[in-house]
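Visitor: One file: structure16.tsv (TSV, C-alpha atoms).
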chain	number	residue	atom	x	y	z
A	264	GLY	CA	23.53	21.29	-279.93
A	265	THR	CA	19.97	20.49	-279.03
A	266	THR	CA	18.73	20.66	-275.47
A	267	LYS	CA	17.34	17.42	-274.07
A	268	THR	CA	14.12	17.78	-272.14
A	269	ARG	CA	12.81	15.48	-269.45
A	270	THR	CA	9.12	14.93	-268.85
A	271	THR	CA	7.85	15.35	-265.32
A	272	THR	CA	4.23	16.27	-266.00
A	273	PRO	CA	1.32	14.24	-264.56
A	274	THR	CA	0.67	12.20	-267.74
A	275	ALA	CA	4.26	11.03	-267.93
A	276	MET	CA	4.48	10.50	-264.20
A	277	SER	CA	1.46	8.19	-264.16
A	278	ALA	CA	3.04	6.13	-266.92
A	279	ALA	CA	6.27	5.93	-264.93
A	280	VAL	CA	4.40	4.78	-261.83
A	281	GLU	CA	2.60	2.05	-263.82
A	282	ALA	CA	5.95	0.82	-265.09
A	283	GLN	CA	7.29	0.46	-261.55
A	284	GLU	CA	6.32	-2.20	-259.06
A	285	ILE	CA	4.79	-0.74	-255.91
A	286	ASN	CA	4.81	-2.80	-252.76
A	287	PRO	CA	1.55	-3.04	-250.74
A	288	GLY	CA	2.84	-0.89	-247.88
A	289	GLN	CA	3.82	1.91	-250.24
A	290	ALA	CA	0.48	1.68	-252.04
A	291	ALA	CA	-1.40	1.89	-248.73
A	292	HIS	CA	0.60	4.95	-247.74
A	293	GLN	CA	-0.17	6.64	-251.07
A	294	GLU	CA	-3.87	5.80	-250.68
A	295	GLU	CA	-3.86	7.32	-247.19
A	296	ASP	CA	-2.24	10.52	-248.49
A	297	THR	CA	-4.88	11.02	-251.19
A	298	SER	CA	-7.88	9.94	-249.13
A	299	ARG	CA	-8.74	13.50	-248.14
A	300	SER	CA	-9.48	14.45	-251.73
A	301	ALA	CA	-10.97	11.15	-252.91
A	302	LEU	CA	-14.21	11.01	-250.90
A	303	ASP	CA	-16.73	10.99	-253.74
A	304	LEU	CA	-20.31	11.65	-252.66
A	305	ASP	CA	-21.24	8.27	-254.21
A	306	LEU	CA	-19.76	6.66	-251.07
A	307	LEU	CA	-22.93	7.68	-249.20
A	308	VAL	CA	-24.93	4.98	-251.01
A	309	LYS	CA	-23.66	2.39	-248.48
A	310	HIS	CA	-25.16	4.51	-245.69
A	311	GLY	CA	-28.65	4.42	-247.18
A	312	ILE	CA	-28.59	7.63	-249.23
A	313	THR	CA	-30.26	7.15	-252.61
A	314	LYS	CA	-28.39	7.68	-255.86
A	315	THR	CA	-31.12	10.12	-256.93
A	316	ASP	CA	-30.48	12.40	-253.95
A	317	ILE	CA	-26.72	12.19	-254.48
A	318	ASN	CA	-27.16	13.26	-258.11
A	319	LYS	CA	-29.25	16.24	-256.94
A	320	PHE	CA	-26.33	17.42	-254.83
A	321	LYS	CA	-23.87	16.86	-257.67
A	322	GLU	CA	-26.01	18.88	-260.07
A	323	ALA	CA	-25.84	21.72	-257.53
A	324	GLY	CA	-22.03	21.52	-257.43
A	325	PHE	CA	-21.48	19.29	-254.38
A	326	HIS	CA	-19.38	16.37	-255.59
A	327	THR	CA	-17.57	15.25	-252.44
A	328	VAL	CA	-18.27	14.50	-248.80
A	329	MET	CA	-16.23	17.50	-247.64
A	330	SER	CA	-17.99	19.90	-250.02
A	331	VAL	CA	-21.26	19.08	-248.24
A	332	GLN	CA	-19.68	19.34	-244.79
A	333	MET	CA	-18.14	22.73	-245.60
A	334	CYS	CA	-21.42	24.29	-246.75
A	335	VAL	CA	-24.05	25.97	-244.57
A	336	ASP	CA	-27.45	24.29	-244.27
A	337	LYS	CA	-29.42	27.12	-245.93
A	338	ASN	CA	-27.45	26.62	-249.18
A	339	LEU	CA	-27.82	22.84	-249.02
A	340	LEU	CA	-31.58	23.17	-248.46
A	341	ALA	CA	-31.71	25.30	-251.62
A	342	VAL	CA	-30.82	22.16	-253.62
A	343	LYS	CA	-33.97	21.15	-255.51
A	344	GLY	CA	-35.78	18.22	-253.87
A	345	ILE	CA	-33.76	18.19	-250.63
A	346	THR	CA	-35.81	18.41	-247.42
A	347	GLU	CA	-34.55	19.01	-243.88
A	348	LYS	CA	-34.91	15.30	-243.06
A	349	LYS	CA	-32.98	14.24	-246.17
A	350	LEU	CA	-30.25	16.77	-245.39
A	351	ALA	CA	-29.95	15.48	-241.81
A	352	ASP	CA	-29.51	11.93	-243.14
A	353	VAL	CA	-26.90	13.06	-245.65
A	354	LYS	CA	-24.92	14.95	-243.00
A	355	LYS	CA	-24.96	11.92	-240.69
A	356	ALA	CA	-23.69	9.74	-243.54
A	357	CYS	CA	-20.96	12.29	-244.34
A	358	ALA	CA	-19.84	12.28	-240.69
A	359	LYS	CA	-19.42	8.49	-240.83
A	360	GLU	CA	-17.17	8.82	-243.90
A	361	HIS	CA	-15.13	11.81	-242.76
A	362	GLY	CA	-15.01	13.37	-239.31
A	363	ILE	CA	-14.51	17.13	-239.05
A	364	GLY	CA	-14.38	17.46	-235.28
A	365	PHE	CA	-11.47	18.27	-232.98
A	366	ILE	CA	-8.02	16.77	-233.57
A	367	THR	CA	-4.87	16.89	-231.47
A	368	GLY	CA	-1.95	19.19	-232.17
A	369	THR	CA	0.09	16.15	-233.23
A	370	GLU	CA	-2.52	15.16	-235.81
A	371	HIS	CA	-2.67	18.73	-237.06
A	372	LEU	CA	1.11	18.76	-237.44
A	373	GLN	CA	0.89	15.55	-239.49
A	374	GLN	CA	-1.68	17.20	-241.75
A	375	ARG	CA	0.55	20.26	-242.16
A	376	ALA	CA	3.39	17.95	-243.23
A	377	LYS	CA	1.38	17.19	-246.38
A	378	VAL	CA	1.49	20.83	-247.51
A	379	ASN	CA	3.32	21.27	-250.82
A	380	ARG	CA	5.50	24.29	-251.58
A	381	ILE	CA	5.80	25.22	-255.24
A	382	THR	CA	8.95	27.00	-256.32
A	383	THR	CA	8.59	30.38	-258.03
A	384	GLY	CA	11.78	29.85	-260.02
A	385	VAL	CA	13.52	32.59	-258.01
A	386	LYS	CA	15.65	31.56	-255.03
A	387	ASP	CA	15.27	34.83	-253.12
A	388	VAL	CA	11.48	34.85	-253.52
A	389	ASP	CA	11.27	31.18	-252.44
A	390	ALA	CA	13.31	32.01	-249.33
A	391	LEU	CA	11.00	34.95	-248.61
A	392	LEU	CA	7.98	32.59	-248.77
A	393	GLY	CA	9.53	29.77	-246.76
A	394	GLY	CA	9.92	27.49	-249.79
A	395	GLY	CA	7.40	28.76	-252.33
A	396	ILE	CA	3.65	28.93	-252.98
A	397	GLU	CA	1.89	26.85	-250.30
A	398	SER	CA	-0.94	24.41	-250.89
A	399	GLN	CA	-4.02	24.69	-248.63
A	400	ALA	CA	-3.61	28.47	-248.81
A	401	ILE	CA	-4.49	31.47	-250.97
A	402	THR	CA	-1.52	33.53	-252.14
A	403	GLU	CA	-2.43	36.99	-253.42
A	404	ILE	CA	-0.11	39.15	-255.48
A	405	TYR	CA	-1.03	42.76	-256.16
A	406	GLY	CA	0.63	45.69	-257.83
A	407	GLU	CA	0.15	48.24	-260.58
A	408	PHE	CA	0.36	47.30	-264.26
A	409	ARG	CA	3.68	46.00	-265.65
A	410	THR	CA	5.00	44.77	-262.30
A	411	GLY	CA	5.31	41.14	-263.43
A	412	LYS	CA	2.13	39.61	-261.95
A	413	THR	CA	1.04	37.72	-265.08
A	414	GLN	CA	4.64	36.70	-265.84
A	415	PHE	CA	4.83	35.31	-262.30
A	416	VAL	CA	1.63	33.34	-262.98
A	417	HIS	CA	2.98	31.84	-266.22
A	418	THR	CA	6.15	30.70	-264.47
A	419	VAL	CA	4.38	29.05	-261.52
A	420	CYS	CA	2.01	27.25	-263.92
A	421	VAL	CA	5.06	25.36	-265.18
A	422	THR	CA	6.95	24.88	-261.90
A	423	SER	CA	3.88	23.41	-260.16
A	424	MET	CA	4.05	20.46	-262.57
A	425	LEU	CA	7.66	19.63	-261.71
A	426	GLY	CA	8.55	16.70	-259.45
A	427	LYS	CA	8.54	17.36	-255.72
A	428	ALA	CA	12.32	16.95	-255.59
A	429	GLU	CA	12.59	19.82	-258.09
A	430	GLY	CA	10.28	22.14	-256.16
A	431	GLY	CA	7.00	21.25	-257.87
A	432	ALA	CA	3.82	19.50	-256.74
A	433	GLU	CA	3.32	17.00	-259.59
A	434	GLY	CA	-0.16	18.15	-260.57
A	435	LYS	CA	-2.22	19.78	-263.27
A	436	VAL	CA	-3.07	23.49	-263.26
A	437	ILE	CA	-6.33	25.43	-263.65
A	438	VAL	CA	-6.25	29.03	-264.87
A	439	ILE	CA	-9.27	31.36	-264.75
A	440	ASP	CA	-8.32	34.31	-266.95
A	441	THR	CA	-10.48	37.41	-266.34
A	442	GLU	CA	-8.29	40.00	-268.07
A	443	GLY	CA	-7.47	38.13	-271.28
A	444	THR	CA	-3.74	38.31	-270.55
A	445	PHE	CA	-2.87	34.61	-270.35
A	446	ARG	CA	-0.72	33.53	-273.30
A	447	SER	CA	-0.20	29.81	-273.83
A	448	GLU	CA	2.67	30.52	-276.24
A	449	LYS	CA	4.64	31.90	-273.29
A	450	ILE	CA	4.65	28.44	-271.73
A	451	LYS	CA	7.14	26.95	-274.23
A	452	PRO	CA	10.28	28.99	-273.31
A	453	ILE	CA	9.48	28.61	-269.59
A	454	ALA	CA	9.02	24.84	-269.92
A	455	GLU	CA	12.28	24.51	-271.87
A	456	ARG	CA	14.10	26.47	-269.16
A	457	PHE	CA	12.97	23.93	-266.55
A	458	GLY	CA	13.65	20.98	-268.85
A	459	VAL	CA	10.09	19.75	-269.33
A	460	ASP	CA	8.14	19.01	-272.51
A	461	PRO	CA	6.05	22.10	-273.45
A	462	ASP	CA	3.34	19.93	-275.04
A	463	ASP	CA	2.92	17.92	-271.82
A	464	VAL	CA	2.65	21.13	-269.82
A	465	LEU	CA	-0.01	22.56	-272.16
A	466	ASN	CA	-1.98	19.29	-272.12
A	467	ASN	CA	-2.15	19.48	-268.33
A	468	LEU	CA	-3.18	23.13	-268.27
A	469	TYR	CA	-6.93	23.89	-268.06
A	470	ILE	CA	-7.81	27.47	-269.03
A	471	CYS	CA	-11.19	29.20	-268.73
A	472	LYS	CA	-11.71	32.79	-269.87
A	473	ALA	CA	-14.31	34.51	-267.68
A	474	TYR	CA	-16.31	37.34	-269.27
A	475	ASN	CA	-18.22	38.72	-266.29
A	476	SER	CA	-18.32	38.30	-262.51
A	477	ASP	CA	-21.24	35.83	-262.63
A	478	HIS	CA	-19.33	33.70	-265.14
A	479	GLN	CA	-16.26	33.86	-262.89
A	480	HIS	CA	-18.35	32.69	-259.91
A	481	GLN	CA	-19.84	29.85	-261.97
A	482	CYS	CA	-16.35	28.75	-263.05
A	483	LEU	CA	-15.41	28.40	-259.38
A	484	LYS	CA	-18.60	26.45	-258.65
A	485	ASP	CA	-17.80	24.04	-261.51
A	486	LEU	CA	-14.28	23.32	-260.26
A	487	GLY	CA	-15.47	20.59	-257.86
A	488	ALA	CA	-16.31	18.13	-260.65
A	489	LEU	CA	-13.10	18.91	-262.57
A	490	LEU	CA	-10.85	18.47	-259.53
A	491	LEU	CA	-12.47	15.17	-258.59
A	492	GLU	CA	-12.63	13.59	-262.04
A	493	ASP	CA	-9.51	14.86	-263.84
A	494	GLY	CA	-6.98	15.15	-260.96
A	495	PRO	CA	-4.47	15.31	-259.51
A	496	PHE	CA	-4.22	19.11	-259.59
A	497	SER	CA	-1.61	21.20	-257.83
A	498	LEU	CA	-2.65	24.81	-258.50
A	499	ILE	CA	-5.64	27.06	-259.22
A	500	VAL	CA	-4.86	30.49	-260.68
A	501	VAL	CA	-7.29	33.43	-260.93
A	502	ASP	CA	-5.80	36.34	-262.89
A	503	SER	CA	-7.20	38.66	-261.75
A	504	MET	CA	-9.65	38.22	-258.88
A	505	THR	CA	-11.14	41.73	-258.92
A	506	ALA	CA	-11.02	43.00	-262.53
A	507	LEU	CA	-14.55	41.91	-263.51
A	508	LEU	CA	-16.03	42.92	-260.16
A	509	ARG	CA	-14.76	46.47	-260.64
A	510	VAL	CA	-16.57	46.64	-263.99
A	511	ASP	CA	-19.84	44.93	-263.00
A	512	TYR	CA	-20.33	46.70	-259.66
A	513	VAL	CA	-19.95	50.47	-259.88
A	514	GLY	CA	-20.25	53.10	-257.15
A	515	ARG	CA	-20.85	52.95	-253.42
A	516	GLY	CA	-24.44	51.77	-253.90
A	517	GLU	CA	-23.23	48.41	-255.26
A	518	LEU	CA	-20.16	48.10	-253.04
A	519	SER	CA	-21.87	45.83	-250.49
A	520	SER	CA	-23.09	43.41	-253.21
A	521	ARG	CA	-19.64	43.36	-254.79
A	522	GLN	CA	-17.90	42.57	-251.52
A	523	GLN	CA	-20.40	39.81	-250.69
A	524	LEU	CA	-19.76	38.12	-254.04
A	525	LEU	CA	-16.01	38.53	-253.60
A	526	GLY	CA	-16.25	36.96	-250.15
A	527	GLN	CA	-18.20	33.98	-251.52
A	528	MET	CA	-15.65	33.39	-254.27
A	529	MET	CA	-12.72	33.58	-251.85
A	530	SER	CA	-14.51	31.18	-249.48
A	531	ARG	CA	-14.99	28.74	-252.36
A	532	LEU	CA	-11.29	28.88	-253.23
A	533	ILE	CA	-9.97	28.25	-249.71
A	534	LYS	CA	-12.36	25.31	-249.27
A	535	LEU	CA	-11.11	23.73	-252.50
A	536	ALA	CA	-7.51	24.40	-251.46
A	537	ASN	CA	-8.02	22.58	-248.15
A	538	GLU	CA	-10.04	19.71	-249.55
A	539	TYR	CA	-7.71	18.84	-252.43
A	540	ASN	CA	-4.40	20.02	-250.91
A	541	ILE	CA	-3.74	22.40	-253.78
A	542	GLY	CA	-2.33	25.91	-253.97
A	543	VAL	CA	-4.40	28.94	-254.98
A	544	LEU	CA	-2.69	31.91	-256.62
A	545	ILE	CA	-4.70	35.06	-257.30
A	546	THR	CA	-3.63	38.39	-258.74
A	547	ASN	CA	-5.19	41.69	-257.73
A	548	GLN	CA	-5.25	45.23	-259.02
A	549	VAL	CA	-4.48	48.44	-257.13
A	550	MET	CA	-6.26	51.76	-256.85
A	551	SER	CA	-5.16	55.26	-255.92
A	552	ASN	CA	-5.50	56.10	-252.25
A	553	PRO	CA	-7.43	59.38	-251.77
A	554	ASP	CA	-5.11	60.15	-248.84
A	555	GLY	CA	-2.04	59.63	-251.03
A	556	GLY	CA	-1.13	63.30	-251.06
A	557	MET	CA	-0.72	63.41	-247.30
A	558	THR	CA	2.84	63.24	-246.07
A	559	PHE	CA	2.41	60.34	-243.63
A	560	VAL	CA	1.04	57.94	-246.30
A	561	SER	CA	4.09	56.07	-247.59
A	562	ASP	CA	2.37	54.45	-250.59
A	563	PRO	CA	-0.46	56.24	-252.43
A	564	LYS	CA	-1.70	52.94	-253.96
A	565	LYS	CA	-3.63	50.21	-252.18
A	566	ALA	CA	-5.03	46.83	-253.20
A	567	VAL	CA	-8.61	46.53	-254.47
A	568	GLY	CA	-11.01	44.34	-252.50
A	569	GLY	CA	-10.76	45.96	-249.09
A	570	HIS	CA	-10.82	43.98	-245.87
A	571	VAL	CA	-12.75	41.07	-247.41
A	572	LEU	CA	-9.88	40.16	-249.72
A	573	ALA	CA	-7.21	41.06	-247.17
A	574	HIS	CA	-8.61	38.72	-244.51
A	575	ALA	CA	-9.40	35.90	-246.96
A	576	SER	CA	-5.88	35.80	-248.44
A	577	THR	CA	-3.44	33.63	-246.49
A	578	VAL	CA	-0.36	35.29	-248.01
A	579	ARG	CA	-0.23	38.81	-249.49
A	580	LEU	CA	2.60	39.90	-251.78
A	581	GLU	CA	3.08	43.34	-253.27
A	582	PHE	CA	4.96	43.70	-256.56
A	583	LYS	CA	6.74	46.96	-257.35
A	584	LYS	CA	8.79	48.19	-260.29
A	585	GLY	CA	12.56	48.26	-260.01
A	586	ARG	CA	15.36	49.23	-262.39
A	587	GLY	CA	14.99	47.98	-265.96
A	588	ASP	CA	13.50	44.46	-266.00
A	589	CYS	CA	13.88	44.03	-262.25
A	590	ARG	CA	10.85	43.85	-259.97
A	591	ILE	CA	10.52	43.83	-256.17
A	592	CYS	CA	8.39	41.31	-254.28
A	593	LYS	CA	7.40	42.44	-250.79
A	594	VAL	CA	5.76	40.21	-248.17
A	595	VAL	CA	2.86	42.23	-246.74
A	596	ASP	CA	1.24	39.39	-244.79
A	597	HIS	CA	2.36	35.80	-244.14
A	598	PRO	CA	1.28	33.52	-241.26
A	599	SER	CA	4.76	32.07	-240.69
A	600	MET	CA	7.30	34.35	-242.37
A	601	PRO	CA	8.43	37.89	-241.47
A	602	GLU	CA	7.95	40.91	-243.71
A	603	GLY	CA	10.74	41.32	-246.24
A	604	GLU	CA	11.63	42.06	-249.85
A	605	ALA	CA	13.28	40.16	-252.69
A	606	THR	CA	14.23	41.17	-256.22
A	607	PHE	CA	13.55	39.17	-259.37
A	608	GLN	CA	13.97	39.78	-263.08
A	609	LEU	CA	11.52	39.43	-265.97
A	610	ALA	CA	12.68	37.37	-268.95
A	611	GLU	CA	11.23	35.46	-271.90
A	612	SER	CA	11.73	32.27	-269.88
A	613	GLY	CA	9.64	33.59	-266.97
A	614	ILE	CA	10.74	35.28	-263.79
A	615	LYS	CA	14.30	34.50	-262.73
A	616	ASP	CA	17.00	35.46	-260.22
A	617	ALA	CA	18.03	39.09	-260.58
A	618	GLU	CA	21.42	39.54	-262.22
A	619	GLY	CA	24.08	41.51	-260.42
Output the structure of this file as structure tokens.

Guide:
Amino acid sequence: GTTKTRTTTPTAMSAAVEAQEINPGQAAHQEEDTSRSALDLDLLVKHGITKTDINKFKEAGFHTVMSVQMCVDKNLLAVKGITEKKLADVKKACAKEHGIGFITGTEHLQQRAKVNRITTGVKDVDALLGGGIESQAITEIYGEFRTGKTQFVHTVCVTSMLGKAEGGAEGKVIVIDTEGTFRSEKIKPIAERFGVDPDDVLNNLYICKAYNSDHQHQCLKDLGALLLEDGPFSLIVVDSMTALLRVDYVGRGELSSRQQLLGQMMSRLIKLANEYNIGVLITNQVMSNPDGGMTFVSDPKKAVGGHVLAHASTVRLEFKKGRGDCRICKVVDHPSMPEGEATFQLAESGIKDAEG
């Protein structure tokens, strides 16, 4: 018999919403929920900012009110044709549209209630993460080769498009592939496993292959326009975050420059995650620890990126090899969950619960 698939991807969902009648109260609630990510910079026209100046900001990669508010003045003044007086006027106009001052703990709790948790497809790993991959956060997974990092990425690309009742976030996905390991053909068996149309998943998947670290940085800069115009999105994936940096910046002499660029890219990602309420999933490589031969060092391998990446990541997960197709996911750092381990299994249909 044939397997029936149901469509829960954004294109189908929007059609379903159009077919249903939404009462005014429900519509107002939905508008309130999305208002944080819908503040186009064009709104500043009503506060006296010229369309020409707004376009200058957009050409420089600032497409929303929050993107301007989150950036330091020296970078905003680097925008061609923007003077200190013009910038002061723009910032005042932004403050009228969206306040970024102090809020009460109650208001903060209400904001946290909007956080989505995307299932990984493995019950034990979801439990380890408190429900799954969080939005408004950067989740980093690191481990040596063949530990299931890219397979994990392929699986979450599909699950993030599921309905919220099924553990998804009902949004499109962006993948920045720096290692050339993303395979769109892998999406079909994973989509069929979760009962969604593979073609709909692929149509809502945006993939960019980065060839060097500057290209990778530019891809992140260009995300603002894509997120605003083609949304809603639920996940940004960078696989991997450090591969190109390791090639382009060699030796201790270039270490400082490499870490500065890495810090800028991580800062860009967390700002986008907060502004659009989306999850960020990055993979990372490991390197041999020179102290690995010493008896008190339990693991001779450590993640690339140093303290810059460690502090910028909200959640850190280490993947290790297990028996056969089994892999171990260990929570190294999580703001609200204790350290722990869970086992999952690699399969053609993505990562799944370990058998036995």

Visitor: Which neighbours of Val436 in chain A fall inside 7 Å, counting all atoms listed in the file, when residues of the same chain fewer than 3 positions from it are skipped, and could you give them as a PyMOL selection string?

Guide: chain A and resi 420+467-469+496-499

Visitor: Find the residues near Gly526 in chain A: any atom within 8 Å, counting all atoms listed in the file, skip ones fewer than 3 places away on the same chain, and give them as a list in words.

Guide: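 So the residues in contact are Gln522, Gln523, Met529, Ser530, Val571, Leu572 and Ala575 of chain A.
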
Visitor: Considering only C-alpha atoms, can you say which of A:Asp316, A:Asp303, A:Glu370, A:Glu397 comes closest to Ile533 in chain A?

Guide: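 So, comparing all the options, the nearest one is A:Glu397.
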
Visitor: Skipping near chain neighbours, those fewer than 6 positions away, what residues fall within 8 Å of Phe325 in chain A using all atoms listed in the file, listed as a ChimeraX atom specification?

Guide: /A:304,331,487

Visitor: Pull the neighbourhood of (15.4, 33.3, -274.2) for me: all residues within 9 Å in file coordinates, counting all atoms listed in the file, as a list in words.

Guide: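 Residues close enough to count: Pro452, Ile453, Arg456, Ala610, Glu611 and Ser612 of chain A.
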
Visitor: Only C-alpha atoms, please: the residues just picked out, written as a PDB file, in the coordinates of the input.

Guide:
ATOM      1  CA  PRO A 452      10.280  28.990-273.310  1.00  0.00           C
ATOM      2  CA  ILE A 453       9.480  28.610-269.590  1.00  0.00           C
ATOM      3  CA  ARG A 456      14.100  26.470-269.160  1.00  0.00           C
ATOM      4  CA  ALA A 610      12.680  37.370-268.950  1.00  0.00           C
ATOM      5  CA  GLU A 611      11.230  35.460-271.900  1.00  0.00           C
ATOM      6  CA  SER A 612      11.730  32.270-269.880  1.00  0.00           C
TER       7      SER A 612
END

Visitor: Taking into account only C-alpha atoms, which residue in the set A:Val378, A:Val567, A:Ala358, A:Ile404 is nearest to Gly431 in chain A?

Guide: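 Counting only C-alpha atoms, the residue closest to Gly431 in chain A is A:Val378.
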
Visitor: Quick one: distance from CA of Gln479 in chain A to CA of Ser503 in chain A in Å, one decimal?

Guide: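 It comes out at 10.3 Å.
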
Visitor: Quote the spacing between CA of Ala506 in chain A and CA of Glu604 in chain A in Å to one decimal place.

Guide: 26.0 Å

Visitor: Can you pull out the residues contacting Leu350 in chain A? Cut-off 12 Å, using all atoms listed in the file, and skip same-chain residues under 4 positions away; I want them as a ChimeraX atom specification.

Guide: /A:312,316-317,319-320,331-332,334-346,354-357

Visitor: Pick from A:Cys592, A:Met600, A:Leu491, A:Ala432: nearest to Gly411 in chain A, with all atoms listed in the file counted?

Guide: A:Cys592

Visitor: Ranking A:Asp440, A:Glu581, A:Asp588, A:Glu618 by minimum distance to Thr505 in chain A and counting only C-alpha atoms, which one comes first?

Guide: A:Asp440

Visitor: Between CA of Val464 in chain A and CA of Gln608 in chain A, what is the spacing in Å?

Guide: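 Result for CA of Gln608 in chain A versus CA of Val464 in chain A: 22.8 Å, one decimal.
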
Visitor: Quick one: residues within 9 Å of Glu407 in chain A, all atoms listed in the file counted, chain neighbours fewer than 6 positions away excluded, as number ranges by chain?

Guide: A: 547-550, 564, 582-584

Visitor: Convert the current residue selection to file output with C-alpha atoms, as a PDB file, keeping the file's coordinate frame.

Guide:
ATOM      1  CA  ASN A 547      -5.190  41.690-257.730  1.00  0.00           C
ATOM      2  CA  GLN A 548      -5.250  45.230-259.020  1.00  0.00           C
ATOM      3  CA  VAL A 549      -4.480  48.440-257.130  1.00  0.00           C
ATOM      4  CA  MET A 550      -6.260  51.760-256.850  1.00  0.00           C
ATOM      5  CA  LYS A 564      -1.700  52.940-253.960  1.00  0.00           C
ATOM      6  CA  PHE A 582       4.960  43.700-256.560  1.00  0.00           C
ATOM      7  CA  LYS A 583       6.740  46.960-257.350  1.00  0.00           C
ATOM      8  CA  LYS A 584       8.790  48.190-260.290  1.00  0.00           C
TER       9      LYS A 584
END

Visitor: Of the candidates A:Gln481, A:Ser551, A:Thr441, A:Gln414, which shows the shortest atom-to-atom distance to Leu609 in chain A, using all atoms listed in the file?

Guide: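 Closest to Leu609 in chain A, using all atoms listed in the file: A:Gln414.
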
Visitor: Have a look at A:Leu524, A:Lys427, A:Lys359, A:Ala390 and name the one nearest to Glu602 in chain A; count all atoms listed in the file.

Guide: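 Among the listed residues, the smallest separation from Glu602 in chain A belongs to A:Ala390.
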
Visitor: Could you model N, CA, C and O atoms for range 506-518 of chain A and present them as a PDB file, keeping the file's coordinate frame?

Guide:
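Done, and the output landed in selection.pdb:
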ATOM      1  N   ALA A 506     -10.845  42.191-261.312  1.00  0.00           N
ATOM      2  CA  ALA A 506     -11.020  43.000-262.530  1.00  0.00           C
ATOM      3  C   ALA A 506     -12.485  43.073-262.967  1.00  0.00           C
ATOM      4  O   ALA A 506     -13.018  44.162-263.239  1.00  0.00           O
ATOM      5  N   LEU A 507     -13.159  41.943-263.038  1.00  0.00           N
ATOM      6  CA  LEU A 507     -14.550  41.910-263.510  1.00  0.00           C
ATOM      7  C   LEU A 507     -15.506  42.518-262.490  1.00  0.00           C
ATOM      8  O   LEU A 507     -16.509  43.143-262.849  1.00  0.00           O
ATOM      9  N   LEU A 508     -15.192  42.342-261.213  1.00  0.00           N
ATOM     10  CA  LEU A 508     -16.030  42.920-260.160  1.00  0.00           C
ATOM     11  C   LEU A 508     -16.028  44.447-260.228  1.00  0.00           C
ATOM     12  O   LEU A 508     -17.043  45.098-259.976  1.00  0.00           O
ATOM     13  N   ARG A 509     -14.885  45.007-260.559  1.00  0.00           N
ATOM     14  CA  ARG A 509     -14.760  46.470-260.640  1.00  0.00           C
ATOM     15  C   ARG A 509     -15.603  47.021-261.795  1.00  0.00           C
ATOM     16  O   ARG A 509     -16.090  48.153-261.739  1.00  0.00           O
ATOM     17  N   VAL A 510     -15.781  46.212-262.826  1.00  0.00           N
ATOM     18  CA  VAL A 510     -16.570  46.640-263.990  1.00  0.00           C
ATOM     19  C   VAL A 510     -18.064  46.437-263.743  1.00  0.00           C
ATOM     20  O   VAL A 510     -18.883  47.301-264.076  1.00  0.00           O
ATOM     21  N   ASP A 511     -18.423  45.287-263.156  1.00  0.00           N
ATOM     22  CA  ASP A 511     -19.840  44.930-263.000  1.00  0.00           C
ATOM     23  C   ASP A 511     -20.527  45.631-261.831  1.00  0.00           C
ATOM     24  O   ASP A 511     -21.751  45.770-261.820  1.00  0.00           O
ATOM     25  N   TYR A 512     -19.753  46.034-260.826  1.00  0.00           N
ATOM     26  CA  TYR A 512     -20.330  46.700-259.660  1.00  0.00           C
ATOM     27  C   TYR A 512     -19.684  48.090-259.531  1.00  0.00           C
ATOM     28  O   TYR A 512     -18.507  48.199-259.194  1.00  0.00           O
ATOM     29  N   VAL A 513     -20.492  49.115-259.812  1.00  0.00           N
ATOM     30  CA  VAL A 513     -19.950  50.470-259.880  1.00  0.00           C
ATOM     31  C   VAL A 513     -20.578  51.354-258.788  1.00  0.00           C
ATOM     32  O   VAL A 513     -21.781  51.303-258.555  1.00  0.00           O
ATOM     33  N   GLY A 514     -19.757  52.127-258.133  1.00  0.00           N
ATOM     34  CA  GLY A 514     -20.250  53.100-257.150  1.00  0.00           C
ATOM     35  C   GLY A 514     -20.474  52.495-255.773  1.00  0.00           C
ATOM     36  O   GLY A 514     -20.501  51.277-255.588  1.00  0.00           O
ATOM     37  N   ARG A 515     -20.668  53.373-254.811  1.00  0.00           N
ATOM     38  CA  ARG A 515     -20.850  52.950-253.420  1.00  0.00           C
ATOM     39  C   ARG A 515     -22.144  52.162-253.223  1.00  0.00           C
ATOM     40  O   ARG A 515     -22.228  51.309-252.344  1.00  0.00           O
ATOM     41  N   GLY A 516     -23.154  52.448-254.036  1.00  0.00           N
ATOM     42  CA  GLY A 516     -24.440  51.770-253.900  1.00  0.00           C
ATOM     43  C   GLY A 516     -24.347  50.268-254.125  1.00  0.00           C
ATOM     44  O   GLY A 516     -25.137  49.502-253.567  1.00  0.00           O
ATOM     45  N   GLU A 517     -23.386  49.832-254.952  1.00  0.00           N
ATOM     46  CA  GLU A 517     -23.230  48.410-255.260  1.00  0.00           C
ATOM     47  C   GLU A 517     -22.026  47.793-254.556  1.00  0.00           C
ATOM     48  O   GLU A 517     -21.690  46.631-254.790  1.00  0.00           O
ATOM     49  N   LEU A 518     -21.368  48.578-253.711  1.00  0.00           N
ATOM     50  CA  LEU A 518     -20.160  48.100-253.040  1.00  0.00           C
ATOM     51  C   LEU A 518     -20.436  46.887-252.145  1.00  0.00           C
ATOM     52  O   LEU A 518     -19.680  45.915-252.151  1.00  0.00           O
TER      53      LEU A 518
END
